[in-house]
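Asks: What follows is a single structure, and I will ask about it in a moment.
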Amino acid sequence: MADWLAQNGLLLGLATLDGLSNAAAIFMVAVGLNLVFGVLRVLNVAHGSLYAIGGYTAASLGLLLAASGLPDWLAFPLLLVAALLVGAVLGPPIEKLLLRRTRQHEPVLQLLITFALFMILEDLQKLVWGVQPVVNDTPLRLLGTVDVPFGADVIPFTTYQLFVLPGVALVTLVGLAWFLRRTLAGRMIVAVTADAEAARAMGIDAGRVMLLTFTAGAALAALGGALASPTVSLVPGVGAQTIVLSFAVVATAGLGQVEGAALAALLIGLGRAFAVYFEPELEVVIPYLIMVVVLLVRPQGLFGVVETRRI
């Protein structure tokens, strides 16, 4: 064992750092999906498209910034601007025009509608940005690399992936937890999550809460894409890959569990990274193996609770 660790120490370090970075990006998307499900009880398949559009928008704004001759550091606030723009433009219309009209129908109809929306948005991405890769690595390039000591080795790793991605994910997790527990608006969201009918009886405008929650979830998905855009080449299909991983995180954590999404994303992110470095052929299936193992032991997920169904 000691010999194996000595021979593979560098790979272990790289896998750990890559896993943390991947987990942070997955969490940003999954937490929005989980938040939306908790309040609206809708598994939004189009969530992955919002991630992709957020990434494309951030990359496009970054390329416009580079062409305009403005300071490069503006690329960082543009990531947030892109996320807020996508959330504000796409979130309210989707909730008002599609989801609100089908709220009283069977969940399978809502699932089919969001899947149809996902297909429409995928074609829209090809229409606007084409099929060639879109790349803007300005934030990654500006921060450079940092040497990370790992045992007897020193690993050069990008500062953006080491600090920015996990840092924003941590701030999002702590901020959401504080908001839901300590603010009036957050407690209203929790009330609607627990029982929308009872919340309405208490005078809470459940429709408005659902609209704001869906918009926030859309912005979180877009923020995940915007933050990931400097580290990947954006191509058609990136949204589909992301939503499948997000579903695995949500199912592993437990539907509606915001904090649980962080641990599930960490497990899946590290699992994928270790598979890439040590068993590449398992990289595709590792997230779902983790999900299956968890669901066999706890069908409601790691942090989920068994709910009584009203009939």
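The way I read the labels, and the way they are meant: chains A, B, ... in the order of the structure tokens, residue 1 as the first residue of every chain, and ligand 1 as the first ligand shown, with later ones counted on from there.
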Any idea what's packed within 8 Å of Leu263 of chain A, counting only C-alpha atoms, ignoring anything in its chain fewer than 4 positions away? Could you give it as JSON, numbers by chain?
Replies: {"A": [253, 259, 267]}
Asks: Can you list, as an MDAnalysis selection string, every protein, DNA or RNA residue that comes within 12 Å of Leu270 of chain A when you count only C-alpha atoms, leaving out same-chain residues fewer than 5 positions away?
Replies: chainID A and resid 12:24 26 263:265 275:277 283 286:287 290
Asks: For atom CA of Gly224 of chain A and atom CA of Thr242 of chain A, quote the distance in Å rounded to one decimal.
Replies: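 Between atom CA of Gly224 of chain A and atom CA of Thr242 of chain A the gap works out to 9.9 Å.
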Asks: Could you state the separation of atom CA of Leu65 of chain A and atom CA of Pro139 of chain A in Å, given to one decimal place?
Replies: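 Atom-to-atom, atom CA of Leu65 of chain A to atom CA of Pro139 of chain A, that is 11.9 Å.
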Asks: For each of A:Ile113, A:Val89, A:Leu234, A:Leu97, take the minimum atom-to-atom distance to Ala58 of chain A, counting only C-alpha atoms, then give the residue where this is smallest.
Replies: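 Using only C-alpha atoms, Ala58 of chain A sits closest to A:Leu234.
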Asks: Using only C-alpha atoms, which of A:Phe115, A:Trp129, A:Phe150, A:Phe27 sits nearest Gly55 of chain A?
Replies: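 Closest candidate: A:Trp129.
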Asks: Closest to Val135 of chain A among A:Ala67, A:Ala228, A:Val294, A:Leu289, using only C-alpha atoms?
Replies: A:Ala228
Asks: DSSP says alpha helix (DSSP H) for which residues of segment 167-241 of chain A? Put them as a ChimeraX atom specification?
Replies: /A:167-182,184-194,196-201,206-228,238-241
Asks: I'd like the neighbourhood of Ala221 of chain A as number ranges by chain, where a residue qualifies if any of its atoms comes within 10 Å (using only C-alpha atoms), though same-chain residues fewer than 6 positions away should be ignored.
Replies: A: 25-33, 47-55, 83, 86-87, 215, 242-243
Asks: Write the residues you've just listed into a file as a PDB file, in the first residue's frame, and include N, CA and C atoms for each of them.
Replies:
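Okay, this is what ended up in result24.pdb:
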```
ATOM      1  N   ALA A  25     -18.682  22.992  -9.397  1.00  0.00           N
ATOM      2  CA  ALA A  25     -19.473  23.339 -10.577  1.00  0.00           C
ATOM      3  C   ALA A  25     -20.789  22.569 -10.612  1.00  0.00           C
ATOM      4  N   ILE A  26     -20.750  21.283 -10.282  1.00  0.00           N
ATOM      5  CA  ILE A  26     -21.972  20.475 -10.268  1.00  0.00           C
ATOM      6  C   ILE A  26     -22.936  20.975  -9.192  1.00  0.00           C
ATOM      7  N   PHE A  27     -22.389  21.332  -8.030  1.00  0.00           N
ATOM      8  CA  PHE A  27     -23.236  21.800  -6.932  1.00  0.00           C
ATOM      9  C   PHE A  27     -24.030  23.034  -7.317  1.00  0.00           C
ATOM     10  N   MET A  28     -23.398  23.977  -8.024  1.00  0.00           N
ATOM     11  CA  MET A  28     -24.082  25.213  -8.387  1.00  0.00           C
ATOM     12  C   MET A  28     -25.334  24.938  -9.207  1.00  0.00           C
ATOM     13  N   VAL A  29     -25.291  23.924 -10.046  1.00  0.00           N
ATOM     14  CA  VAL A  29     -26.458  23.583 -10.861  1.00  0.00           C
ATOM     15  C   VAL A  29     -27.456  22.758 -10.056  1.00  0.00           C
ATOM     16  N   ALA A  30     -26.954  21.768  -9.323  1.00  0.00           N
ATOM     17  CA  ALA A  30     -27.835  20.857  -8.596  1.00  0.00           C
ATOM     18  C   ALA A  30     -28.594  21.560  -7.485  1.00  0.00           C
ATOM     19  N   VAL A  31     -27.965  22.542  -6.823  1.00  0.00           N
ATOM     20  CA  VAL A  31     -28.656  23.209  -5.722  1.00  0.00           C
ATOM     21  C   VAL A  31     -29.835  24.027  -6.244  1.00  0.00           C
ATOM     22  N   GLY A  32     -29.693  24.611  -7.423  1.00  0.00           N
ATOM     23  CA  GLY A  32     -30.825  25.318  -8.023  1.00  0.00           C
ATOM     24  C   GLY A  32     -31.946  24.365  -8.403  1.00  0.00           C
ATOM     25  N   LEU A  33     -31.578  23.215  -8.960  1.00  0.00           N
ATOM     26  CA  LEU A  33     -32.570  22.203  -9.316  1.00  0.00           C
ATOM     27  C   LEU A  33     -33.301  21.699  -8.080  1.00  0.00           C
ATOM     28  N   HIS A  47     -33.377  22.669 -16.875  1.00  0.00           N
ATOM     29  CA  HIS A  47     -32.371  23.289 -16.008  1.00  0.00           C
ATOM     30  C   HIS A  47     -30.985  23.207 -16.633  1.00  0.00           C
ATOM     31  N   GLY A  48     -30.690  22.096 -17.314  1.00  0.00           N
ATOM     32  CA  GLY A  48     -29.392  21.950 -17.963  1.00  0.00           C
ATOM     33  C   GLY A  48     -29.192  22.958 -19.083  1.00  0.00           C
ATOM     34  N   SER A  49     -30.254  23.305 -19.782  1.00  0.00           N
ATOM     35  CA  SER A  49     -30.141  24.309 -20.841  1.00  0.00           C
ATOM     36  C   SER A  49     -29.859  25.691 -20.269  1.00  0.00           C
ATOM     37  N   LEU A  50     -30.427  25.982 -19.098  1.00  0.00           N
ATOM     38  CA  LEU A  50     -30.139  27.262 -18.448  1.00  0.00           C
ATOM     39  C   LEU A  50     -28.662  27.339 -18.062  1.00  0.00           C
ATOM     40  N   TYR A  51     -28.098  26.214 -17.635  1.00  0.00           N
ATOM     41  CA  TYR A  51     -26.659  26.140 -17.359  1.00  0.00           C
ATOM     42  C   TYR A  51     -25.859  26.458 -18.622  1.00  0.00           C
ATOM     43  N   ALA A  52     -26.224  25.816 -19.730  1.00  0.00           N
ATOM     44  CA  ALA A  52     -25.487  26.013 -20.976  1.00  0.00           C
ATOM     45  C   ALA A  52     -25.618  27.452 -21.473  1.00  0.00           C
ATOM     46  N   ILE A  53     -26.817  28.015 -21.415  1.00  0.00           N
ATOM     47  CA  ILE A  53     -27.025  29.390 -21.881  1.00  0.00           C
ATOM     48  C   ILE A  53     -26.262  30.365 -20.994  1.00  0.00           C
ATOM     49  N   GLY A  54     -26.209  30.090 -19.675  1.00  0.00           N
ATOM     50  CA  GLY A  54     -25.401  30.926 -18.795  1.00  0.00           C
ATOM     51  C   GLY A  54     -23.936  30.899 -19.190  1.00  0.00           C
ATOM     52  N   GLY A  55     -23.428  29.711 -19.531  1.00  0.00           N
ATOM     53  CA  GLY A  55     -22.042  29.601 -19.967  1.00  0.00           C
ATOM     54  C   GLY A  55     -21.787  30.319 -21.277  1.00  0.00           C
ATOM     55  N   ALA A  83     -25.189  35.455 -15.381  1.00  0.00           N
ATOM     56  CA  ALA A  83     -26.109  34.591 -14.643  1.00  0.00           C
ATOM     57  C   ALA A  83     -27.400  35.323 -14.299  1.00  0.00           C
ATOM     58  N   VAL A  86     -29.552  35.842 -17.518  1.00  0.00           N
ATOM     59  CA  VAL A  86     -30.256  34.632 -17.957  1.00  0.00           C
ATOM     60  C   VAL A  86     -31.407  34.312 -17.004  1.00  0.00           C
ATOM     61  N   GLY A  87     -31.168  34.402 -15.703  1.00  0.00           N
ATOM     62  CA  GLY A  87     -32.218  34.120 -14.736  1.00  0.00           C
ATOM     63  C   GLY A  87     -33.394  35.060 -14.875  1.00  0.00           C
ATOM     64  N   THR A 215     -37.023  31.667 -10.477  1.00  0.00           N
ATOM     65  CA  THR A 215     -36.080  32.621 -11.063  1.00  0.00           C
ATOM     66  C   THR A 215     -34.712  32.487 -10.411  1.00  0.00           C
ATOM     67  N   THR A 242     -24.818  17.992 -18.128  1.00  0.00           N
ATOM     68  CA  THR A 242     -24.911  18.605 -16.807  1.00  0.00           C
ATOM     69  C   THR A 242     -26.198  18.231 -16.093  1.00  0.00           C
ATOM     70  N   ILE A 243     -27.319  18.211 -16.803  1.00  0.00           N
ATOM     71  CA  ILE A 243     -28.583  17.920 -16.125  1.00  0.00           C
ATOM     72  C   ILE A 243     -28.625  16.474 -15.657  1.00  0.00           C
TER      73      ILE A 243
END
```
Asks: Using only C-alpha atoms, which residue out of A:Gly144, A:Pro133, A:Pro166, A:Gly69 lies closest to Gly269 of chain A?
Replies: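 Smallest separation from Gly269 of chain A among the options: A:Pro166.
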Asks: Tell me, as a list of chain:residue names, which residues lie within 10 Å of Lys96 of chain A, counting only C-alpha atoms; anything in the same chain fewer than 5 positions away does not count.
Replies: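 Here the answer would be A:Gly91, A:Arg101, A:Thr102, A:Gly207, A:Met210, A:Leu211, A:Phe214.
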Asks: Report, in Å with one decimal, the straight-line distance from atom CA of Leu79 of chain A to atom CA of Pro230 of chain A.
Replies: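 Distance reported for this atom pair: 9.7 Å.
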Asks: Find the spatial neighbours of Gly301 of chain A, counting only C-alpha atoms, within a cut-off of 9 Å - ignore same-chain residues fewer than 5 positions away - and output them as a list in words.
Replies: Val250, Ala251, Thr252, Ala253, Gly254, Leu255, Gly260, Met291, Val294 and Leu295 of chain A
Asks: Limited to N, CA, C and O atoms, could you put the picked residues into a file as a PDB file, in the first residue's frame?
Replies:
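Result file is again_13.pdb:
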```pdb
ATOM      1  N   VAL A 250     -29.100  15.262  -7.057  1.00  0.00           N
ATOM      2  CA  VAL A 250     -30.372  15.508  -6.369  1.00  0.00           C
ATOM      3  C   VAL A 250     -30.923  14.215  -5.784  1.00  0.00           C
ATOM      4  O   VAL A 250     -31.381  14.183  -4.632  1.00  0.00           O
ATOM      5  N   ALA A 251     -30.893  13.132  -6.563  1.00  0.00           N
ATOM      6  CA  ALA A 251     -31.410  11.854  -6.066  1.00  0.00           C
ATOM      7  C   ALA A 251     -30.555  11.323  -4.923  1.00  0.00           C
ATOM      8  O   ALA A 251     -31.080  10.762  -3.959  1.00  0.00           O
ATOM      9  N   THR A 252     -29.241  11.506  -5.014  1.00  0.00           N
ATOM     10  CA  THR A 252     -28.351  11.043  -3.949  1.00  0.00           C
ATOM     11  C   THR A 252     -28.562  11.842  -2.669  1.00  0.00           C
ATOM     12  O   THR A 252     -28.580  11.285  -1.560  1.00  0.00           O
ATOM     13  N   ALA A 253     -28.743  13.144  -2.805  1.00  0.00           N
ATOM     14  CA  ALA A 253     -28.907  14.006  -1.631  1.00  0.00           C
ATOM     15  C   ALA A 253     -30.270  13.833  -0.988  1.00  0.00           C
ATOM     16  O   ALA A 253     -30.412  13.874   0.231  1.00  0.00           O
ATOM     17  N   GLY A 254     -31.291  13.630  -1.811  1.00  0.00           N
ATOM     18  CA  GLY A 254     -32.662  13.646  -1.326  1.00  0.00           C
ATOM     19  C   GLY A 254     -33.369  14.843  -1.933  1.00  0.00           C
ATOM     20  O   GLY A 254     -32.861  15.969  -1.873  1.00  0.00           O
ATOM     21  N   LEU A 255     -34.512  14.632  -2.516  1.00  0.00           N
ATOM     22  CA  LEU A 255     -35.217  15.694  -3.218  1.00  0.00           C
ATOM     23  C   LEU A 255     -35.574  16.828  -2.272  1.00  0.00           C
ATOM     24  O   LEU A 255     -36.148  16.621  -1.207  1.00  0.00           O
ATOM     25  N   GLY A 260     -27.756  18.875   1.534  1.00  0.00           N
ATOM     26  CA  GLY A 260     -27.366  17.546   1.086  1.00  0.00           C
ATOM     27  C   GLY A 260     -26.778  17.542  -0.308  1.00  0.00           C
ATOM     28  O   GLY A 260     -25.949  16.687  -0.643  1.00  0.00           O
ATOM     29  N   MET A 291     -25.101   6.842  -6.833  1.00  0.00           N
ATOM     30  CA  MET A 291     -26.529   7.086  -6.633  1.00  0.00           C
ATOM     31  C   MET A 291     -27.274   5.798  -6.302  1.00  0.00           C
ATOM     32  O   MET A 291     -28.087   5.753  -5.359  1.00  0.00           O
ATOM     33  N   VAL A 294     -26.470   4.505  -2.727  1.00  0.00           N
ATOM     34  CA  VAL A 294     -27.148   5.318  -1.714  1.00  0.00           C
ATOM     35  C   VAL A 294     -28.640   5.014  -1.676  1.00  0.00           C
ATOM     36  O   VAL A 294     -29.233   4.830  -0.601  1.00  0.00           O
ATOM     37  N   LEU A 295     -29.268   4.918  -2.842  1.00  0.00           N
ATOM     38  CA  LEU A 295     -30.713   4.701  -2.885  1.00  0.00           C
ATOM     39  C   LEU A 295     -31.104   3.300  -2.436  1.00  0.00           C
ATOM     40  O   LEU A 295     -32.210   3.096  -1.930  1.00  0.00           O
TER      41      LEU A 295
END
```
Asks: Ranking A:Glu122, A:Ala82, A:Ala88, A:Pro93 by minimum distance to Ser229 of chain A and counting only C-alpha atoms, which one comes first?
Replies: A:Ala82
Asks: Measuring between only C-alpha atoms, which one of A:Ala199, A:Thr57, A:Leu11, A:Val39 shows the shortest distance to Arg103 of chain A?
Replies: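 Result for the nearest residue to Arg103 of chain A: A:Val39.
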